[in-house]
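Raw contents of input_21.pdb, PDB, C-alpha atoms:
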ATOM      1  CA  MET A   1      70.795  60.424  45.584
ATOM      2  CA  THR A   2      71.869  57.051  47.070
ATOM      3  CA  ASP A   3      72.513  55.576  43.626
ATOM      4  CA  THR A   4      74.404  58.728  42.630
ATOM      5  CA  PHE A   5      76.480  58.505  45.807
ATOM      6  CA  ASP A   6      77.340  54.842  45.291
ATOM      7  CA  ARG A   7      78.275  55.343  41.643
ATOM      8  CA  THR A   8      80.339  58.450  42.321
ATOM      9  CA  ARG A   9      81.983  56.751  45.304
ATOM     10  CA  ARG A  10      83.094  53.818  43.124
ATOM     11  CA  ASP A  11      84.479  56.201  40.500
ATOM     12  CA  PHE A  12      86.170  58.255  43.170
ATOM     13  CA  LEU A  13      87.811  55.327  44.952
ATOM     14  CA  THR A  14      89.235  54.087  41.661
ATOM     15  CA  VAL A  15      90.797  57.467  41.060
ATOM     16  CA  ALA A  16      91.928  57.901  44.659
ATOM     17  CA  THR A  17      93.633  54.509  44.736
ATOM     18  CA  ALA A  18      95.512  55.241  41.542
ATOM     19  CA  GLY A  19      96.513  58.822  42.140
ATOM     20  CA  GLY A  20      95.761  59.825  45.695
ATOM     21  CA  ALA A  21      94.464  63.213  46.716
ATOM     22  CA  VAL A  22      96.004  64.985  43.738
ATOM     23  CA  ALA A  23      93.762  63.115  41.322
ATOM     24  CA  THR A  24      90.815  63.530  43.660
ATOM     25  CA  LEU A  25      91.313  67.246  43.881
ATOM     26  CA  GLY A  26      91.529  67.210  40.118
ATOM     27  CA  MET A  27      87.852  66.293  40.201
ATOM     28  CA  LEU A  28      87.370  69.393  42.340
ATOM     29  CA  GLY A  29      89.415  71.597  40.029
ATOM     30  CA  ALA A  30      92.361  72.157  42.361
ATOM     31  CA  ALA A  31      94.880  69.490  41.328
ATOM     32  CA  PRO A  32      97.541  71.887  39.980
ATOM     33  CA  ALA A  33      97.671  73.643  43.338
ATOM     34  CA  LEU A  34      98.068  70.377  45.232
ATOM     35  CA  ALA A  35     100.570  68.530  43.063
ATOM     36  CA  GLY A  36     102.699  66.215  45.136
ATOM     37  CA  VAL A  37     100.117  65.394  47.792
ATOM     38  CA  ALA A  38      99.681  61.641  48.047
ATOM     39  CA  ALA A  39      96.885  60.856  50.472
ATOM     40  CA  GLY A  40      93.711  58.988  49.599
ATOM     41  CA  ARG A  41      90.992  57.612  51.845
ATOM     42  CA  SER A  42      92.071  57.398  55.457
ATOM     43  CA  GLU A  43      92.575  53.832  56.674
ATOM     44  CA  LYS A  44      91.389  54.767  60.148
ATOM     45  CA  PRO A  45      88.243  56.777  60.904
ATOM     46  CA  LEU A  46      88.961  60.483  61.412
ATOM     47  CA  LYS A  47      86.952  63.056  63.304
ATOM     48  CA  ALA A  48      86.614  66.562  61.904
ATOM     49  CA  ALA A  49      84.768  69.641  63.139
ATOM     50  CA  PHE A  50      83.258  72.100  60.659
ATOM     51  CA  SER A  51      81.632  75.482  61.012
ATOM     52  CA  ASN A  52      80.381  77.902  58.402
ATOM     53  CA  ALA A  53      78.594  81.230  58.639
ATOM     54  CA  GLY A  54      75.094  79.855  59.075
ATOM     55  CA  LEU A  55      72.975  77.019  57.735
ATOM     56  CA  GLN A  56      70.107  79.432  57.045
ATOM     57  CA  ALA A  57      72.127  80.401  53.956
ATOM     58  CA  THR A  58      71.667  77.921  51.110
ATOM     59  CA  TRP A  59      75.386  78.155  50.218
ATOM     60  CA  CYS A  60      76.310  77.047  53.721
ATOM     61  CA  ALA A  61      73.716  74.271  53.778
ATOM     62  CA  GLN A  62      75.023  72.946  50.468
ATOM     63  CA  GLY A  63      78.560  73.109  51.858
ATOM     64  CA  LYS A  64      77.545  70.992  54.838
ATOM     65  CA  ALA A  65      76.034  68.368  52.537
ATOM     66  CA  ALA A  66      79.207  68.354  50.428
ATOM     67  CA  ALA A  67      81.495  68.042  53.460
ATOM     68  CA  GLU A  68      79.486  65.107  54.756
ATOM     69  CA  TYR A  69      79.454  63.487  51.307
ATOM     70  CA  TRP A  70      83.228  63.781  50.839
ATOM     71  CA  GLY A  71      83.704  62.813  54.476
ATOM     72  CA  LYS A  72      82.061  59.457  53.761
ATOM     73  CA  LEU A  73      84.381  58.944  50.807
ATOM     74  CA  PHE A  74      87.468  59.708  52.899
ATOM     75  CA  ASN A  75      86.408  57.935  56.117
ATOM     76  CA  VAL A  76      85.877  61.187  58.031
ATOM     77  CA  GLU A  77      83.088  61.735  60.565
ATOM     78  CA  VAL A  78      82.011  65.383  60.328
ATOM     79  CA  THR A  79      80.553  67.196  63.342
ATOM     80  CA  TRP A  80      78.888  70.547  62.627
ATOM     81  CA  PHE A  81      78.989  73.755  64.675
ATOM     82  CA  ASP A  82      76.463  76.135  63.106
ATOM     83  CA  GLY A  83      77.455  79.819  62.944
ATOM     84  CA  GLN A  84      73.767  80.867  62.733
ATOM     85  CA  LEU A  85      74.692  83.999  60.717
ATOM     86  CA  ASP A  86      75.755  85.645  63.950
ATOM     87  CA  ALA A  87      79.353  86.396  64.946
ATOM     88  CA  VAL A  88      78.655  86.047  68.681
ATOM     89  CA  LYS A  89      76.844  82.718  68.287
ATOM     90  CA  GLN A  90      79.541  81.351  65.992
ATOM     91  CA  ARG A  91      82.213  82.384  68.467
ATOM     92  CA  ALA A  92      80.429  80.420  71.216
ATOM     93  CA  ALA A  93      80.166  77.402  68.907
ATOM     94  CA  VAL A  94      83.866  77.534  67.974
ATOM     95  CA  ASP A  95      84.851  78.010  71.625
ATOM     96  CA  ASN A  96      82.999  74.742  72.234
ATOM     97  CA  MET A  97      84.781  73.185  69.253
ATOM     98  CA  ALA A  98      88.164  74.249  70.637
ATOM     99  CA  SER A  99      87.447  72.517  73.945
ATOM    100  CA  GLN A 100      87.369  69.134  72.199
ATOM    101  CA  LYS A 101      89.872  66.970  70.322
ATOM    102  CA  TRP A 102      89.692  66.682  66.530
ATOM    103  CA  ASP A 103      91.898  65.233  63.821
ATOM    104  CA  PHE A 104      91.338  68.451  61.843
ATOM    105  CA  VAL A 105      88.862  71.312  61.635
ATOM    106  CA  ALA A 106      87.516  73.526  58.845
ATOM    107  CA  ILE A 107      85.909  76.919  59.394
ATOM    108  CA  GLN A 108      84.252  79.680  57.396
ATOM    109  CA  ALA A 109      84.144  82.685  59.732
ATOM    110  CA  PHE A 110      81.156  85.024  59.734
ATOM    111  CA  GLY A 111      83.630  87.895  59.996
ATOM    112  CA  ILE A 112      87.385  88.377  59.944
ATOM    113  CA  GLY A 113      88.984  88.429  63.388
ATOM    114  CA  THR A 114      85.954  87.064  65.244
ATOM    115  CA  LEU A 115      87.355  83.560  65.857
ATOM    116  CA  THR A 116      91.084  84.159  66.148
ATOM    117  CA  GLN A 117      91.524  83.136  69.792
ATOM    118  CA  PRO A 118      89.809  79.715  69.759
ATOM    119  CA  VAL A 119      91.312  78.891  66.356
ATOM    120  CA  GLN A 120      94.788  79.764  67.616
ATOM    121  CA  LYS A 121      94.149  77.501  70.609
ATOM    122  CA  MET A 122      93.456  74.578  68.264
ATOM    123  CA  ILE A 123      96.496  75.348  66.119
ATOM    124  CA  ASP A 124      98.698  75.502  69.231
ATOM    125  CA  ALA A 125      97.371  72.060  70.194
ATOM    126  CA  GLY A 126      98.571  70.698  66.855
ATOM    127  CA  THR A 127      95.190  70.500  65.101
ATOM    128  CA  PRO A 128      95.298  71.342  61.378
ATOM    129  CA  VAL A 129      92.827  74.154  60.645
ATOM    130  CA  ILE A 130      91.456  74.656  57.124
ATOM    131  CA  ASP A 131      90.129  78.147  56.450
ATOM    132  CA  MET A 132      87.184  78.303  54.028
ATOM    133  CA  ASP A 133      85.848  81.157  51.894
ATOM    134  CA  THR A 134      86.591  84.122  54.187
ATOM    135  CA  LEU A 135      89.678  84.873  56.255
ATOM    136  CA  ILE A 136      89.604  83.847  59.900
ATOM    137  CA  ALA A 137      92.456  86.349  60.251
ATOM    138  CA  PRO A 138      95.100  87.619  57.803
ATOM    139  CA  LEU A 139      97.250  84.711  56.686
ATOM    140  CA  ASP A 140     100.381  86.369  58.086
ATOM    141  CA  LYS A 141      98.698  86.557  61.505
ATOM    142  CA  ILE A 142      97.459  82.996  61.926
ATOM    143  CA  ASP A 143      99.028  79.728  60.788
ATOM    144  CA  VAL A 144      96.050  77.960  59.224
ATOM    145  CA  HIS A 145      96.901  74.840  57.279
ATOM    146  CA  SER A 146      95.382  76.185  54.078
ATOM    147  CA  PHE A 147      92.853  78.757  52.871
ATOM    148  CA  LEU A 148      90.366  77.676  50.187
ATOM    149  CA  ALA A 149      88.396  80.555  48.700
ATOM    150  CA  PRO A 150      87.048  81.910  45.428
ATOM    151  CA  ASP A 151      88.309  85.075  43.797
ATOM    152  CA  ASN A 152      85.627  87.286  45.292
ATOM    153  CA  GLU A 153      86.724  90.398  43.438
ATOM    154  CA  PHE A 154      86.433  88.506  40.143
ATOM    155  CA  MET A 155      82.979  87.247  41.073
ATOM    156  CA  GLY A 156      81.738  90.730  41.917
ATOM    157  CA  ALA A 157      83.266  92.209  38.790
ATOM    158  CA  SER A 158      82.045  89.503  36.412
ATOM    159  CA  VAL A 159      78.399  89.727  37.409
ATOM    160  CA  THR A 160      78.493  93.527  37.513
ATOM    161  CA  GLN A 161      80.063  93.573  34.050
ATOM    162  CA  ALA A 162      77.280  91.330  32.732
ATOM    163  CA  LEU A 163      74.644  93.682  34.153
ATOM    164  CA  VAL A 164      76.352  96.835  32.850
ATOM    165  CA  ALA A 165      76.807  95.327  29.394
ATOM    166  CA  LYS A 166      73.113  94.449  29.217
ATOM    167  CA  LEU A 167      72.306  98.068  30.164
ATOM    168  CA  GLY A 168      74.589  99.379  27.444
ATOM    169  CA  GLY A 169      76.746 101.172  30.005
ATOM    170  CA  LYS A 170      73.968 103.481  31.222
ATOM    171  CA  GLY A 171      71.496 103.196  34.076
ATOM    172  CA  LYS A 172      70.756 103.368  37.785
ATOM    173  CA  VAL A 173      71.996 100.456  39.902
ATOM    174  CA  ILE A 174      72.041  99.302  43.522
ATOM    175  CA  MET A 175      74.472  96.947  45.260
ATOM    176  CA  THR A 176      73.190  95.051  48.310
ATOM    177  CA  GLN A 177      76.187  93.846  50.292
ATOM    178  CA  GLY A 178      76.692  90.949  52.665
ATOM    179  CA  ALA A 179      78.265  91.332  56.107
ATOM    180  CA  LEU A 180      80.899  94.062  55.882
ATOM    181  CA  GLY A 181      83.357  92.131  58.077
ATOM    182  CA  HIS A 182      83.281  89.174  55.686
ATOM    183  CA  THR A 183      86.320  89.258  53.411
ATOM    184  CA  GLY A 184      84.271  87.698  50.624
ATOM    185  CA  ALA A 185      81.801  90.567  50.759
ATOM    186  CA  GLN A 186      84.680  93.020  50.763
ATOM    187  CA  GLY A 187      86.093  91.470  47.594
ATOM    188  CA  ARG A 188      82.714  91.410  45.849
ATOM    189  CA  ALA A 189      82.246  95.099  46.627
ATOM    190  CA  LYS A 190      85.695  95.880  45.188
ATOM    191  CA  GLY A 191      84.808  94.015  42.018
ATOM    192  CA  PHE A 192      81.548  95.921  41.690
ATOM    193  CA  GLN A 193      83.239  99.291  42.207
ATOM    194  CA  ALA A 194      86.051  98.443  39.782
ATOM    195  CA  VAL A 195      83.531  97.924  36.991
ATOM    196  CA  VAL A 196      81.092 100.770  37.622
ATOM    197  CA  LYS A 197      83.845 103.383  37.831
ATOM    198  CA  GLN A 198      84.644 102.617  34.197
ATOM    199  CA  TYR A 199      81.155 103.694  33.113
ATOM    200  CA  PRO A 200      80.237 107.349  33.756
ATOM    201  CA  GLY A 201      76.721 106.557  32.569
ATOM    202  CA  ILE A 202      76.143 104.246  35.525
ATOM    203  CA  GLU A 203      74.693 105.871  38.659
ATOM    204  CA  VAL A 204      74.986 103.908  41.904
ATOM    205  CA  LEU A 205      71.933 104.689  44.029
ATOM    206  CA  ASP A 206      72.802 102.739  47.192
ATOM    207  CA  THR A 207      75.247 100.160  48.579
ATOM    208  CA  GLN A 208      73.907  99.297  52.044
ATOM    209  CA  PRO A 209      74.712  95.894  53.590
ATOM    210  CA  ALA A 210      72.031  93.374  54.520
ATOM    211  CA  ASP A 211      74.345  90.900  56.330
ATOM    212  CA  TRP A 212      73.154  87.901  54.243
ATOM    213  CA  ASP A 213      69.785  88.291  56.033
ATOM    214  CA  VAL A 214      66.770  87.933  53.732
ATOM    215  CA  THR A 215      64.537  89.787  56.202
ATOM    216  CA  LYS A 216      66.860  92.798  56.126
ATOM    217  CA  VAL A 217      66.931  92.598  52.331
ATOM    218  CA  ALA A 218      63.138  92.741  52.159
ATOM    219  CA  ARG A 219      63.070  95.840  54.374
ATOM    220  CA  LEU A 220      65.775  97.571  52.338
ATOM    221  CA  TRP A 221      64.105  96.867  49.033
ATOM    222  CA  GLU A 222      60.668  97.984  50.191
ATOM    223  CA  THR A 223      62.364 101.313  50.930
ATOM    224  CA  TYR A 224      64.277 101.416  47.644
ATOM    225  CA  LEU A 225      61.195 100.735  45.540
ATOM    226  CA  THR A 226      59.376 103.564  47.269
ATOM    227  CA  LYS A 227      62.294 105.983  47.095
ATOM    228  CA  TYR A 228      63.546 105.339  43.549
ATOM    229  CA  PRO A 229      61.110 105.414  40.618
ATOM    230  CA  GLN A 230      63.884 104.109  38.349
ATOM    231  CA  ILE A 231      66.173 101.186  39.214
ATOM    232  CA  ASP A 232      67.659  99.456  36.203
ATOM    233  CA  ALA A 233      69.797  96.754  37.808
ATOM    234  CA  ALA A 234      70.760  95.322  41.168
ATOM    235  CA  PHE A 235      73.814  93.339  42.263
ATOM    236  CA  PHE A 236      73.510  91.182  45.385
ATOM    237  CA  HIS A 237      76.396  89.580  47.261
ATOM    238  CA  ASN A 238      74.544  86.277  47.390
ATOM    239  CA  ASP A 239      71.633  84.596  45.670
ATOM    240  CA  ASP A 240      69.456  84.279  48.769
ATOM    241  CA  MET A 241      69.362  88.061  49.054
ATOM    242  CA  ALA A 242      68.770  88.441  45.322
ATOM    243  CA  LEU A 243      65.750  86.136  45.344
ATOM    244  CA  ALA A 244      64.350  87.749  48.495
ATOM    245  CA  ALA A 245      64.543  91.125  46.768
ATOM    246  CA  TYR A 246      62.922  89.704  43.640
ATOM    247  CA  ASN A 247      59.893  88.700  45.717
ATOM    248  CA  VAL A 248      59.581  92.293  46.920
ATOM    249  CA  MET A 249      59.960  93.585  43.361
ATOM    250  CA  LYS A 250      57.291  91.182  42.160
ATOM    251  CA  GLY A 251      54.930  92.359  44.852
ATOM    252  CA  ARG A 252      55.447  95.947  43.706
ATOM    253  CA  ASN A 253      55.224  95.123  39.970
ATOM    254  CA  ARG A 254      58.860  96.170  39.398
ATOM    255  CA  THR A 255      60.213  93.011  37.791
ATOM    256  CA  ASN A 256      61.906  94.965  34.992
ATOM    257  CA  ILE A 257      65.015  95.308  37.204
ATOM    258  CA  LEU A 258      67.988  93.204  36.052
ATOM    259  CA  ILE A 259      69.200  91.049  38.955
ATOM    260  CA  GLY A 260      72.678  89.628  39.456
ATOM    261  CA  GLY A 261      73.769  87.412  42.337
ATOM    262  CA  VAL A 262      76.657  85.342  43.658
ATOM    263  CA  ASP A 263      76.906  81.624  44.552
ATOM    264  CA  ALA A 264      74.913  80.027  41.683
ATOM    265  CA  MET A 265      72.816  77.944  44.023
ATOM    266  CA  PRO A 266      70.103  75.755  42.425
ATOM    267  CA  PRO A 267      67.204  78.178  43.141
ATOM    268  CA  ALA A 268      69.181  80.998  41.521
ATOM    269  CA  ILE A 269      70.199  78.881  38.530
ATOM    270  CA  ASN A 270      66.523  78.074  37.989
ATOM    271  CA  ALA A 271      65.751  81.792  38.325
ATOM    272  CA  VAL A 272      68.349  82.593  35.659
ATOM    273  CA  ALA A 273      66.902  79.912  33.406
ATOM    274  CA  ASP A 274      63.357  81.320  33.661
ATOM    275  CA  GLY A 275      64.360  84.987  33.525
ATOM    276  CA  ARG A 276      63.737  86.104  37.101
ATOM    277  CA  MET A 277      67.472  86.695  37.473
ATOM    278  CA  PHE A 278      69.825  87.808  34.734
ATOM    279  CA  ALA A 279      73.046  86.156  35.962
ATOM    280  CA  THR A 280      74.900  84.699  38.902
ATOM    281  CA  VAL A 281      78.423  83.346  39.393
ATOM    282  CA  ARG A 282      79.468  80.108  41.026
ATOM    283  CA  ASN A 283      81.063  80.344  44.420
ATOM    284  CA  PRO A 284      81.972  76.641  44.555
ATOM    285  CA  SER A 285      80.617  75.570  47.910
ATOM    286  CA  CYS A 286      81.023  71.863  47.123
ATOM    287  CA  ARG A 287      84.621  72.280  45.994
ATOM    288  CA  ILE A 288      85.544  74.412  49.016
ATOM    289  CA  HIS A 289      83.953  72.158  51.636
ATOM    290  CA  GLY A 290      84.978  68.950  49.861
ATOM    291  CA  GLY A 291      88.468  70.328  49.346
ATOM    292  CA  ALA A 292      88.691  71.045  53.064
ATOM    293  CA  ILE A 293      88.028  67.365  53.743
ATOM    294  CA  ILE A 294      90.770  66.342  51.311
ATOM    295  CA  ALA A 295      93.263  68.878  52.678
ATOM    296  CA  GLY A 296      92.527  67.796  56.237
ATOM    297  CA  VAL A 297      92.991  64.115  55.428
ATOM    298  CA  ALA A 298      96.280  64.896  53.666
ATOM    299  CA  ALA A 299      97.445  66.819  56.722
ATOM    300  CA  VAL A 300      96.692  63.893  59.035
ATOM    301  CA  THR A 301      97.549  60.831  56.954
ATOM    302  CA  ALA A 302     100.458  62.190  54.904
ATOM    303  CA  GLY A 303     101.863  64.536  57.517
ATOM    304  CA  GLU A 304     101.628  67.526  55.191
ATOM    305  CA  LYS A 305     102.740  70.745  56.836
ATOM    306  CA  ALA A 306     101.079  74.102  56.305
ATOM    307  CA  GLY A 307     102.445  75.840  53.226
ATOM    308  CA  THR A 308     104.482  72.838  52.006
ATOM    309  CA  GLY A 309     102.656  69.979  50.271
ATOM    310  CA  ILE A 310      99.413  71.940  50.399
ATOM    311  CA  PRO A 311      99.671  75.644  49.473
ATOM    312  CA  LYS A 312      98.750  78.206  52.069
ATOM    313  CA  SER A 313      96.126  79.682  49.761
ATOM    314  CA  ILE A 314      94.098  77.897  47.057
ATOM    315  CA  VAL A 315      91.824  79.805  44.693
ATOM    316  CA  THR A 316      88.633  77.922  43.842
ATOM    317  CA  ASP A 317      87.261  79.400  40.649
ATOM    318  CA  GLY A 318      83.723  79.309  39.299
ATOM    319  CA  PRO A 319      82.013  80.472  36.102
ATOM    320  CA  VAL A 320      79.361  83.080  35.463
ATOM    321  CA  VAL A 321      76.005  81.351  35.034
ATOM    322  CA  THR A 322      73.581  82.398  32.304
ATOM    323  CA  LYS A 323      70.715  80.645  30.536
ATOM    324  CA  GLU A 324      73.236  78.967  28.237
ATOM    325  CA  ASN A 325      75.089  76.963  30.905
ATOM    326  CA  ALA A 326      72.517  76.675  33.699
ATOM    327  CA  ALA A 327      71.631  73.010  33.138
ATOM    328  CA  GLY A 328      75.257  71.871  33.242
ATOM    329  CA  MET A 329      75.887  73.758  36.462
ATOM    330  CA  LEU A 330      72.957  72.037  38.147
ATOM    331  CA  TRP A 331      74.375  68.637  37.139
ATOM    332  CA  MET A 332      77.793  69.465  38.582
ATOM    333  CA  GLN A 333      76.279  70.527  41.882
ATOM    334  CA  ASP A 334      74.104  67.426  42.078
ATOM    335  CA  HIS A 335      77.343  65.420  42.010
ATOM    336  CA  PHE A 336      79.018  67.678  44.608
ATOM    337  CA  LEU A 337      81.838  68.528  42.196
ATOM    338  CA  ILE A 338      81.669  72.336  42.061
TER     339      ILE A 338
END
Now that the file is in, can you turn its structure into structure tokens?
Amino acid sequence: MTDTFDRTRRDFLTVATAGGAVATLGMLGAAPALAGVAAGRSEKPLKAAFSNAGLQATWCAQGKAAAEYWGKLFNVEVTWFDGQLDAVKQRAAVDNMASQKWDFVAIQAFGIGTLTQPVQKMIDAGTPVIDMDTLIAPLDKIDVHSFLAPDNEFMGASVTQALVAKLGGKGKVIMTQGALGHTGAQGRAKGFQAVVKQYPGIEVLDTQPADWDVTKVARLWETYLTKYPQIDAAFFHNDDMALAAYNVMKGRNRTNILIGGVDAMPPAINAVADGRMFATVRNPSCRIHGGAIIAGVAAVTAGEKAGTGIPKSIVTDGPVVTKENAAGMLWMQDHFLI
């Protein structure tokens, strides 16, 4: 990874020197949204605080690695405040964050509205706050510098559509949701419902949440496999839950169930490649966390104001992953580009 870092860093610095953050964000897929921003690597060291939902989740752990990687490129020291997949624990961590001085901060909230007060305190103190993946609060209620997130409804719909198409529009399916207060989970559920309502031959057996917790997923799916003699497909709001359920299915000799997930993390991409999962969709953790670094540096070094040089909301897209494109997706993630 050191050689990869050095090589990518050289390539990056060449681009950054020539075109600033716009060209850099072009590598991340967001250049059109950030046209006009002209901030490359910070000349002075910057200090940034990050928090995401919980490093137990592979998506969050990958995001941390990406933030630290892009932080090195941009001369930003990243300090982490782990959300631990618990709204109360994340609130305590962000309260601690708000008691300190940072050049900018970036946060993925475990649930909407859980961090509003300490985040508002930092905004009032003049600290740019980058919102990642799920809303800290509605954008008309809190003046975050920018909000970087995927189209969660699209992700939910695209994977569900792939599952339904494979079933020929008929079958019994289950959706296992993430935390219901997470706006990403809400969007994924909307996408799922939008597709299944178009197919009268699809019967939805259950839609209980598991809060991104693989232990809860295992308990739910032990119950489902006992209760339902026929389950044709299952859609999970993230890959960790999907793979945890697969292990339960395997133990019960029920591996004929089509599995769809969200995030396209390396373990899930490998599972798609070898047939344990049918499909997943990329929620671009590297682009979101790396983009937060770039947006924060632009805010500090170029004086960009919220909603001006950097848009208030930036959609970070990602493709559906099948056997056909799995290898390429792994390469992109290894280089922290998507």
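CA of Glu324 in chain A is found 8.2 Å from CA of Ala273 in chain A.
Closest approach to Leu163 in chain A among A:Leu148, A:Gly126, A:Ile202, A:Val105 is made by A:Ile202 (distances from all atoms listed in the file).
Counting all atoms listed in the file, the residue from A:Ile136, A:Ile142, A:Thr58, A:Thr114 that sits nearest to Val214 in chain A is A:Thr58.
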So which residues touch Ala210 in chain A within 12 Å, counting only C-alpha atoms, skipping near sequence neighbours fewer than 2 positions away, as a PDB file with C-alpha atoms, in the frame of the given file?
ATOM      1  CA  LEU A  85      74.692  83.999  60.717  1.00  0.00           C
ATOM      2  CA  MET A 175      74.472  96.947  45.260  1.00  0.00           C
ATOM      3  CA  THR A 176      73.190  95.051  48.310  1.00  0.00           C
ATOM      4  CA  GLN A 177      76.187  93.846  50.292  1.00  0.00           C
ATOM      5  CA  GLY A 178      76.692  90.949  52.665  1.00  0.00           C
ATOM      6  CA  ALA A 179      78.265  91.332  56.107  1.00  0.00           C
ATOM      7  CA  LEU A 180      80.899  94.062  55.882  1.00  0.00           C
ATOM      8  CA  GLY A 181      83.357  92.131  58.077  1.00  0.00           C
ATOM      9  CA  ALA A 185      81.801  90.567  50.759  1.00  0.00           C
ATOM     10  CA  ASP A 206      72.802 102.739  47.192  1.00  0.00           C
ATOM     11  CA  THR A 207      75.247 100.160  48.579  1.00  0.00           C
ATOM     12  CA  GLN A 208      73.907  99.297  52.044  1.00  0.00           C
ATOM     13  CA  TRP A 212      73.154  87.901  54.243  1.00  0.00           C
ATOM     14  CA  ASP A 213      69.785  88.291  56.033  1.00  0.00           C
ATOM     15  CA  VAL A 214      66.770  87.933  53.732  1.00  0.00           C
ATOM     16  CA  THR A 215      64.537  89.787  56.202  1.00  0.00           C
ATOM     17  CA  LYS A 216      66.860  92.798  56.126  1.00  0.00           C
ATOM     18  CA  VAL A 217      66.931  92.598  52.331  1.00  0.00           C
ATOM     19  CA  ALA A 218      63.138  92.741  52.159  1.00  0.00           C
ATOM     20  CA  ARG A 219      63.070  95.840  54.374  1.00  0.00           C
ATOM     21  CA  LEU A 220      65.775  97.571  52.338  1.00  0.00           C
ATOM     22  CA  TRP A 221      64.105  96.867  49.033  1.00  0.00           C
ATOM     23  CA  PHE A 236      73.510  91.182  45.385  1.00  0.00           C
ATOM     24  CA  HIS A 237      76.396  89.580  47.261  1.00  0.00           C
ATOM     25  CA  ASN A 238      74.544  86.277  47.390  1.00  0.00           C
ATOM     26  CA  ASP A 240      69.456  84.279  48.769  1.00  0.00           C
ATOM     27  CA  MET A 241      69.362  88.061  49.054  1.00  0.00           C
ATOM     28  CA  ALA A 242      68.770  88.441  45.322  1.00  0.00           C
ATOM     29  CA  ALA A 244      64.350  87.749  48.495  1.00  0.00           C
ATOM     30  CA  ALA A 245      64.543  91.125  46.768  1.00  0.00           C
TER      31      ALA A 245
END
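The gap separating CA of Cys60 in chain A from CA of Met122 in chain A is 22.6 Å, in Å to one decimal.
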